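Data first, discussion second: the structure below is written as structure tokens.
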Amino acid sequence: MRLSCQQEQLHRGLSAVARAIPARTTLPITQHILFDASGDNVLLSATDAETIAITYSIPAEIDEPGSITMPSRLVSDFVATLPSETILLSLAGRAKQVSLSCARNTASIGGLDPEDFPPIPPVDNAASLTLDSDRLRKAINQTVFAAATDDSRPVLTGVNIEISSDEICFAAADGFRLSVHTMDIQQDVESRSVIIPARALGELSRLLTETSGDVVMTFNSSGTQVQFDLGHAKLVAQLIQGSFPNYNQLIPSDSATHTEFSVSELIRETRIASIFARDGSGIVRLVGSPGEGNAPGRLEITARADEVGDNEGEIDAIVEGEPTQIAFNGRYLLDALQVMDTDRAVIDTSSPSSPGIIRPVADESFVHVVMPMFVQW
Amino acid sequence: MTNIVDDDFDWHLEGLDLATNILSRAINHRSLGHAYLFHGPKSVGKYSLAKRFAQILVTQDLYDGVINLDSPEAMAIERGEFPDVEIISIGGICDDSKDDGVRSTRIRICQIRRLQRLAVIAPFQAARRIFIIDTVDDLQIEASHALLKLLEEPPPNVLLLLLVQDIDAILPTIKSRCQILPINPMPKSKLIEILERRFEADKINAAQVATFSRGCFGRAMDMLNDPSVMMLQESVRSDIEGLLDAGINQRMDYAQSLAGNWRQERESVLATIRIWLEWWSDQLYFFSRSENDESSVNFKVEDILTALQVIDQTYEHLMLNVNPQLAIEVMMLEMPSVSFTNKGNVHG
């Protein structure tokens, strides 16, 4: 194998695939990145041999095709610190020692037999659909944060994706909150419902920031894998087996109070309240009062920690219906508000013990349900 | 290479015919359970059986029904480096970054939590994920309960192979959720025959190895491959015989020297205690065989039972991290003091 490529490109490729490498593993070779040179590209691959595999193709001048693996940490750190020039990479015959040179640096890195690298699962063309990368990224970002991080209910560690003929519904829940994003599609696809590990979607979202084209989502025929093809990069995720709880019944259909507010203002006030809430179980209280006469409605945001101090903030709001009071975990509230991409949003509440429903104004695609905290008023 | 696991199919395992026949039938009829429990003494072949079972299932899936034990995947399983076959044993990894498990003496709950996480993810390469728990005896009690949860609601495409040494010591609820396959040691004559066929070992050596390994093929192999294992057997046995009528000082010296090895060579101390246990169970066996034949009886049955009880308790104490010197000293003090002449039973 002998090739040359640009430092920035190799660096970008290595950092993209290295995200798949597991922190701890039983398979030492998963700490390596596979380099496969052919045609006029080098294909970099990494996998944790559990949930995800990422491949990334970078342009290169290939003098002699071939493949080898190299330890990820070593090669990534080395390439990251090199100057932005051409890197020459060569591997003599059947040896496993790769020599790299760039500007006035030369290095030699010991690799492993590429045959031993876990094969990146091939996803045959069973069913695929094309999605816009920006819309996909928005759908992921609005749901993935709500997935559970502990493994006591494994299906909740993923994002449920339900595909029907005219829409795709992304949903994640962890028992305290539920986030649902619905995306319209006009494609003739088979209906199906799958659960994709949240970690894989998080990595996909990261990859999507550097692309603006279409993404092709493909499922394999046995329904165990999904592949996202971004053109230069591919991400394959193993699906979570099991059935996702029926969440539609968790979204209340009516409410006693409808409060419309400015997202940025509520984010600011929630942040302030959270500072005081740190010592008080994260409890942030919202009290909404409808406007009287010419006075506008208002939403009070308060937090208190016994023996430490308390805080009261207030923002203007359009409060329709009964006066309302409800308490939430400040972090959950912030998580939901931060993924809104509209200036104004609404929160629907019924009582201090029933869930709050947060959604953007004039955007039907996103709904977030958050359970209240029980407090003494 | 073959695609049927029929009666002629060779699992390349010695003395496990009963278990391999049952598993062959399950493979052929495509009626695999979700969890199997292999139980039998240490080194009897449970782990080899579990790995071979995994190799057969995985290669069958990957090569259109053809079993290929020489394939790269089968080799990777042999080395413990195949993505969909994971072995859970003491000191293994888990997802908790603060817990490296280097000093643990049990299978931790975080290892089982990792298993739970992986079990619901679709297999990476093969048609199912296979987890080998080596052994269930080593599970922390919390870990057993976590495992139970998985056994109660097994995810699809998962096969659990539970290896157990002492079937009576594990949770009955775990037992009841698995298909149980006893893996028995083979008769001494059969092991001798196998050893002679495979190694051309001279007869006396084969007989002695077969006796000391108590019908466990793995142990016999250890003894043949590593002369120190055999030497340990011989030296411990002669220590035991020497200490039977020895005075208190000599016994205390023995306790001190054995306990002194605990920090560095925990496993070998435990192996020594196991040899003590075996030696005394041999005496019980000889006793039961020699009814009405006073001449071949070395001990009174009460002495044998006391000794067995004391050793068993010591082993348990050591596993519970009791001060090793105290534990072994107590064992020495409570060990019956009797005169003994080797009547040739042991090596017979």
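As shown in the structure tokens, the chain order sets the letters A, B, ...; within each chain, residues go from 1, and ligands are also counted from 1 in the order they appear.
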(request) Tell me the residues of chain A close to chain B, meaning within 8 Å using only C-alpha atoms, as a ChimeraX atom specification. (result) /A:24-27,49-51,118-119,121,151,154-155,224-225,238-242
How about saving the chosen residues, N, CA, C and O atoms kept, as an mmCIF file, in the first residue's frame?
data_model
loop_
_atom_site.group_PDB
_atom_site.id
_atom_site.type_symbol
_atom_site.label_atom_id
_atom_site.label_comp_id
_atom_site.auth_asym_id
_atom_site.auth_seq_id
_atom_site.Cartn_x
_atom_site.Cartn_y
_atom_site.Cartn_z
ATOM 1 N N ARG A 24 -14.323 0.828 26.232
ATOM 2 C CA ARG A 24 -13.809 -0.433 26.761
ATOM 3 C C ARG A 24 -14.396 -1.572 25.948
ATOM 4 O O ARG A 24 -15.526 -1.526 25.518
ATOM 5 N N THR A 25 -13.588 -2.588 25.736
ATOM 6 C CA THR A 25 -14.023 -3.634 24.824
ATOM 7 C C THR A 25 -13.316 -4.939 25.130
ATOM 8 O O THR A 25 -12.253 -4.945 25.753
ATOM 9 N N THR A 26 -13.914 -6.034 24.668
ATOM 10 C CA THR A 26 -13.240 -7.320 24.797
ATOM 11 C C THR A 26 -12.407 -7.615 23.552
ATOM 12 O O THR A 26 -11.640 -8.557 23.542
ATOM 13 N N LEU A 27 -12.599 -6.827 22.503
ATOM 14 C CA LEU A 27 -11.902 -7.089 21.242
ATOM 15 C C LEU A 27 -10.844 -6.013 20.994
ATOM 16 O O LEU A 27 -11.180 -4.902 20.599
ATOM 17 N N ALA A 49 -18.045 -2.994 17.204
ATOM 18 C CA ALA A 49 -18.495 -4.384 17.066
ATOM 19 C C ALA A 49 -19.675 -4.683 17.988
ATOM 20 O O ALA A 49 -19.902 -5.803 18.384
ATOM 21 N N GLU A 50 -20.403 -3.639 18.360
ATOM 22 C CA GLU A 50 -21.588 -3.801 19.209
ATOM 23 C C GLU A 50 -22.761 -3.083 18.579
ATOM 24 O O GLU A 50 -23.724 -3.706 18.165
ATOM 25 N N THR A 51 -22.671 -1.758 18.551
ATOM 26 C CA THR A 51 -23.811 -0.985 18.080
ATOM 27 C C THR A 51 -23.549 -0.210 16.801
ATOM 28 O O THR A 51 -24.440 -0.079 15.988
ATOM 29 N N PRO A 118 -13.251 -6.623 12.399
ATOM 30 C CA PRO A 118 -14.641 -7.085 12.291
ATOM 31 C C PRO A 118 -15.283 -6.508 11.033
ATOM 32 O O PRO A 118 -15.198 -5.302 10.817
ATOM 33 N N PRO A 119 -15.876 -7.337 10.189
ATOM 34 C CA PRO A 119 -16.444 -6.810 8.956
ATOM 35 C C PRO A 119 -17.561 -5.816 9.237
ATOM 36 O O PRO A 119 -18.425 -6.074 10.066
ATOM 37 N N PRO A 121 -20.906 -4.435 8.894
ATOM 38 C CA PRO A 121 -22.058 -5.188 8.392
ATOM 39 C C PRO A 121 -22.568 -4.598 7.077
ATOM 40 O O PRO A 121 -22.836 -3.405 7.005
ATOM 41 N N ASP A 151 -29.666 1.449 31.813
ATOM 42 C CA ASP A 151 -30.055 0.293 31.014
ATOM 43 C C ASP A 151 -31.184 -0.516 31.622
ATOM 44 O O ASP A 151 -31.431 -1.625 31.209
ATOM 45 N N PRO A 154 -34.023 -1.355 28.484
ATOM 46 C CA PRO A 154 -33.169 -1.159 27.303
ATOM 47 C C PRO A 154 -33.856 -0.510 26.104
ATOM 48 O O PRO A 154 -33.218 0.260 25.402
ATOM 49 N N VAL A 155 -35.151 -0.794 25.883
ATOM 50 C CA VAL A 155 -35.763 -0.187 24.689
ATOM 51 C C VAL A 155 -35.791 1.340 24.790
ATOM 52 O O VAL A 155 -35.808 2.030 23.773
ATOM 53 N N THR A 224 -32.269 -6.022 11.236
ATOM 54 C CA THR A 224 -31.412 -5.886 12.409
ATOM 55 C C THR A 224 -30.507 -4.667 12.330
ATOM 56 O O THR A 224 -29.890 -4.307 13.322
ATOM 57 N N GLN A 225 -30.405 -4.070 11.144
ATOM 58 C CA GLN A 225 -29.477 -2.947 10.985
ATOM 59 C C GLN A 225 -30.088 -1.826 10.174
ATOM 60 O O GLN A 225 -30.944 -2.045 9.334
ATOM 61 N N GLN A 238 -26.738 -1.091 14.756
ATOM 62 C CA GLN A 238 -27.531 -2.279 15.071
ATOM 63 C C GLN A 238 -28.787 -1.799 15.777
ATOM 64 O O GLN A 238 -28.718 -0.937 16.652
ATOM 65 N N LEU A 239 -29.927 -2.356 15.392
ATOM 66 C CA LEU A 239 -31.168 -1.901 16.009
ATOM 67 C C LEU A 239 -31.373 -2.559 17.370
ATOM 68 O O LEU A 239 -30.854 -3.642 17.629
ATOM 69 N N ILE A 240 -32.135 -1.868 18.210
ATOM 70 C CA ILE A 240 -32.505 -2.456 19.505
ATOM 71 C C ILE A 240 -33.751 -3.311 19.279
ATOM 72 O O ILE A 240 -34.702 -2.886 18.629
ATOM 73 N N GLN A 241 -33.695 -4.539 19.788
ATOM 74 C CA GLN A 241 -34.808 -5.459 19.592
ATOM 75 C C GLN A 241 -35.807 -5.276 20.732
ATOM 76 O O GLN A 241 -35.414 -5.194 21.886
ATOM 77 N N GLY A 242 -37.054 -5.242 20.386
ATOM 78 C CA GLY A 242 -38.064 -5.090 21.420
ATOM 79 C C GLY A 242 -39.126 -4.139 20.924
ATOM 80 O O GLY A 242 -39.021 -3.599 19.818
#
(request) Give the alpha helix (DSSP H) residues of segment 8-254 of chain A, as assigned by DSSP on the backbone, as a PyMOL selection string. (result) chain A and resi 8-18+72-81+133-143+198-208
(message) Would you pick out the contacts of segment 284-287 of chain A at 7 Å or less, using only C-alpha atoms, so that residues sharing its chain but fewer than 4 positions from it are not included, and give the list as a PyMOL selection string?
(response) chain A and resi 273-274+277+299-303+324-330
For the residues in that selection, give me all heavy atoms as a compact mmCIF listing (two decimals), in the first residue's frame.
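Generated file (selection.txt):
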# COMPACT_ATOMS: atom_id res chain seq x y z
N ALA A 273 -32.95 30.27 37.60
CA ALA A 273 -33.61 29.51 38.66
C ALA A 273 -32.83 28.23 38.97
O ALA A 273 -32.74 27.80 40.12
CB ALA A 273 -35.04 29.18 38.26
N SER A 274 -32.25 27.63 37.92
CA SER A 274 -31.54 26.36 38.12
C SER A 274 -30.34 26.51 39.04
O SER A 274 -29.96 25.57 39.73
CB SER A 274 -31.06 25.81 36.78
OG SER A 274 -32.16 25.50 35.97
N ALA A 277 -31.79 26.13 42.20
CA ALA A 277 -32.42 24.81 42.32
C ALA A 277 -31.40 23.70 42.53
O ALA A 277 -31.76 22.60 42.91
CB ALA A 277 -33.27 24.53 41.08
N LEU A 299 -45.59 34.99 33.61
CA LEU A 299 -45.16 33.67 34.05
C LEU A 299 -44.03 33.90 35.04
O LEU A 299 -43.03 34.56 34.71
CB LEU A 299 -44.67 32.86 32.84
CG LEU A 299 -44.34 31.40 33.04
CD1 LEU A 299 -45.55 30.62 33.53
CD2 LEU A 299 -43.89 30.78 31.71
N GLU A 300 -44.24 33.44 36.26
CA GLU A 300 -43.20 33.60 37.28
C GLU A 300 -42.37 32.32 37.35
O GLU A 300 -42.93 31.22 37.35
CB GLU A 300 -43.85 33.78 38.65
CG GLU A 300 -43.97 35.20 39.11
CD GLU A 300 -44.74 35.24 40.42
OE1 GLU A 300 -44.34 34.51 41.35
OE2 GLU A 300 -45.75 35.96 40.46
N ILE A 301 -41.05 32.45 37.43
CA ILE A 301 -40.17 31.29 37.51
C ILE A 301 -39.41 31.40 38.82
O ILE A 301 -38.67 32.36 39.02
CB ILE A 301 -39.18 31.23 36.33
CG1 ILE A 301 -39.94 31.20 35.00
CG2 ILE A 301 -38.27 30.02 36.41
CD1 ILE A 301 -40.10 32.51 34.34
N THR A 302 -39.61 30.45 39.72
CA THR A 302 -38.96 30.56 41.02
C THR A 302 -38.24 29.27 41.39
O THR A 302 -38.56 28.20 40.89
CB THR A 302 -39.98 30.86 42.14
OG1 THR A 302 -40.86 29.75 42.24
CG2 THR A 302 -40.77 32.11 41.87
N ALA A 303 -37.25 29.44 42.25
CA ALA A 303 -36.56 28.26 42.79
C ALA A 303 -36.09 28.62 44.18
O ALA A 303 -35.78 29.78 44.46
CB ALA A 303 -35.37 27.89 41.92
N THR A 324 -52.18 29.01 36.61
CA THR A 324 -51.55 27.70 36.69
C THR A 324 -50.33 27.72 37.59
O THR A 324 -49.64 28.74 37.69
CB THR A 324 -51.16 27.21 35.28
OG1 THR A 324 -50.52 25.94 35.39
CG2 THR A 324 -50.18 28.16 34.60
N GLN A 325 -50.10 26.63 38.26
CA GLN A 325 -48.82 26.47 38.95
C GLN A 325 -48.34 25.02 38.83
O GLN A 325 -49.10 24.08 38.98
CB GLN A 325 -48.91 26.90 40.42
CG GLN A 325 -50.01 26.24 41.21
CD GLN A 325 -50.05 26.77 42.62
OE1 GLN A 325 -49.55 27.85 42.90
NE2 GLN A 325 -50.65 26.00 43.52
N ILE A 326 -47.05 24.90 38.52
CA ILE A 326 -46.49 23.57 38.26
C ILE A 326 -44.98 23.62 38.49
O ILE A 326 -44.37 24.67 38.33
CB ILE A 326 -46.86 23.10 36.82
CG1 ILE A 326 -46.59 21.61 36.64
CG2 ILE A 326 -46.13 23.93 35.78
CD1 ILE A 326 -47.31 21.02 35.44
N ALA A 327 -44.41 22.50 38.90
CA ALA A 327 -42.96 22.47 39.14
C ALA A 327 -42.32 21.42 38.24
O ALA A 327 -42.88 20.33 38.04
CB ALA A 327 -42.68 22.13 40.60
N PHE A 328 -41.16 21.75 37.69
CA PHE A 328 -40.43 20.81 36.84
C PHE A 328 -38.99 20.71 37.29
O PHE A 328 -38.47 21.59 37.98
CB PHE A 328 -40.42 21.30 35.38
CG PHE A 328 -41.76 21.33 34.72
CD1 PHE A 328 -42.34 22.54 34.33
CD2 PHE A 328 -42.45 20.16 34.48
CE1 PHE A 328 -43.57 22.58 33.71
CE2 PHE A 328 -43.69 20.19 33.85
CZ PHE A 328 -44.25 21.39 33.47
N ASN A 329 -38.34 19.65 36.83
CA ASN A 329 -36.89 19.57 36.97
C ASN A 329 -36.30 20.58 35.98
O ASN A 329 -36.59 20.54 34.79
CB ASN A 329 -36.43 18.15 36.64
CG ASN A 329 -34.95 17.96 36.80
OD1 ASN A 329 -34.15 18.82 36.42
ND2 ASN A 329 -34.55 16.86 37.37
N GLY A 330 -35.49 21.50 36.49
CA GLY A 330 -34.96 22.58 35.67
C GLY A 330 -34.19 22.07 34.45
O GLY A 330 -34.27 22.64 33.37
Could you name the residues that touch segment 189-201 of chain B at 7 Å or less, counting only C-alpha atoms, but leaving out those on the same chain fewer than 5 positions away, as a short mmCIF file (atom, residue, chain, number, x, y, z; two decimals) with N, CA, C and O atoms, in the first residue's frame?
data_model
loop_
_atom_site.label_atom_id
_atom_site.label_comp_id
_atom_site.auth_asym_id
_atom_site.auth_seq_id
_atom_site.Cartn_x
_atom_site.Cartn_y
_atom_site.Cartn_z
N ALA B 206 -0.63 -42.48 33.02
CA ALA B 206 -2.02 -42.26 32.61
C ALA B 206 -2.97 -42.59 33.75
O ALA B 206 -3.91 -41.85 34.02
N ALA B 207 -2.70 -43.68 34.45
CA ALA B 207 -3.58 -44.07 35.55
C ALA B 207 -3.53 -43.02 36.66
O ALA B 207 -4.56 -42.66 37.22
N ALA B 210 -5.30 -39.91 35.55
CA ALA B 210 -6.73 -40.13 35.54
C ALA B 210 -7.29 -40.08 36.96
O ALA B 210 -8.37 -39.55 37.21
N GLY B 215 -11.48 -37.78 36.57
CA GLY B 215 -12.34 -37.93 35.41
C GLY B 215 -12.60 -36.66 34.63
O GLY B 215 -13.42 -36.64 33.73
#
(request) Name the residues of segment 101-328 of chain B that fall into strand (DSSP E or B) according to DSSP on the backbone, using the chain letters and numbers of this document, as number ranges by chain. (result) B: 107, 121, 129-134, 139, 158-164, 179-182
Go ahead and save the residues from that selection, with C-alpha atoms, as a compact mmCIF listing (two decimals), in the first residue's frame.
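Result file follows (out.txt):
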# COMPACT_ATOMS: atom_id res chain seq x y z
CA ILE B 107 -18.49 -11.37 38.58
CA ILE B 121 -29.01 -4.91 20.43
CA ARG B 129 -25.65 -12.99 20.33
CA ILE B 130 -24.23 -15.71 22.56
CA PHE B 131 -23.18 -15.00 26.12
CA ILE B 132 -21.16 -17.53 28.11
CA ILE B 133 -21.23 -16.98 31.86
CA ASP B 134 -18.15 -18.61 33.32
CA LEU B 139 -21.73 -14.10 40.42
CA VAL B 158 -29.94 -14.22 22.37
CA LEU B 159 -28.53 -17.49 23.66
CA LEU B 160 -27.25 -17.67 27.21
CA LEU B 161 -24.88 -20.44 28.20
CA LEU B 162 -24.52 -20.66 31.95
CA LEU B 163 -21.63 -22.67 33.35
CA VAL B 164 -22.13 -23.88 36.89
CA GLN B 179 -32.39 -26.22 30.14
CA ILE B 180 -30.10 -28.10 32.46
CA LEU B 181 -27.37 -30.37 31.09
CA PRO B 182 -25.23 -32.22 33.60
(message) At a cut-off of 6 Å, using only C-alpha atoms, what residues contact segment 189-198 of chain A? Leave out same-chain residues fewer than 4 positions from it and give the result as a PyMOL selection string.
(response) chain A and resi 144+158-165+239-240
Keeping N, CA and C atoms, export the residues of the selection given above as a CSV table (one decimal), in the first residue's frame.
chain,number,residue,atom,x,y,z
A,144,VAL,N,-33.3,12.9,20.7
A,144,VAL,CA,-32.3,12.0,21.2
A,144,VAL,C,-32.0,12.3,22.7
A,158,GLY,N,-33.1,3.9,23.2
A,158,GLY,CA,-33.1,4.2,21.8
A,158,GLY,C,-34.1,5.2,21.4
A,159,VAL,N,-34.1,5.6,20.1
A,159,VAL,CA,-35.1,6.5,19.6
A,159,VAL,C,-36.0,5.6,18.7
A,160,ASN,N,-37.3,5.6,19.0
A,160,ASN,CA,-38.2,4.8,18.1
A,160,ASN,C,-38.5,5.6,16.9
A,161,ILE,N,-38.4,4.9,15.7
A,161,ILE,CA,-38.7,5.6,14.5
A,161,ILE,C,-39.8,4.8,13.8
A,162,GLU,N,-40.9,5.5,13.6
A,162,GLU,CA,-42.0,4.8,13.0
A,162,GLU,C,-42.2,5.4,11.6
A,163,ILE,N,-42.1,4.6,10.6
A,163,ILE,CA,-42.2,5.1,9.2
A,163,ILE,C,-43.5,4.6,8.6
A,164,SER,N,-44.3,5.6,8.1
A,164,SER,CA,-45.5,5.2,7.4
A,164,SER,C,-45.5,5.9,6.0
A,165,SER,N,-46.5,5.8,5.2
A,165,SER,CA,-46.4,6.2,3.9
A,165,SER,C,-46.2,7.8,3.7
A,239,LEU,N,-29.9,-2.4,15.4
A,239,LEU,CA,-31.2,-1.9,16.0
A,239,LEU,C,-31.4,-2.6,17.4
A,240,ILE,N,-32.1,-1.9,18.2
A,240,ILE,CA,-32.5,-2.5,19.5
A,240,ILE,C,-33.8,-3.3,19.3
(request) Write out as an MDAnalysis selection string the residues lying within 8 Å of Glu85 of chain A, counting only C-alpha atoms and excluding same-chain residues fewer than 6 positions away. (result) chainID A and resid 6:8 102:103
(request) Tell me which protein, DNA and RNA residues are within 12 Å of Ser108 of chain A, counting only C-alpha atoms, leaving out same-chain ones fewer than 2 positions away, and put them as number ranges by chain. (result) A: 70-71, 74-75, 78, 88-92, 95-102, 105-106, 110-111
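Taking atom CA of Glu260 of chain A and atom CA of Ile347 of chain A as the two end points, the separation is 6.6 Å.
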(request) Counting only C-alpha atoms, figure out which residue out of B:His34, B:Lys175, B:Arg128, B:Arg251 gets nearest to Leu333 of chain B. (result)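 Closest to Leu333 of chain B, using only C-alpha atoms: B:Arg251.
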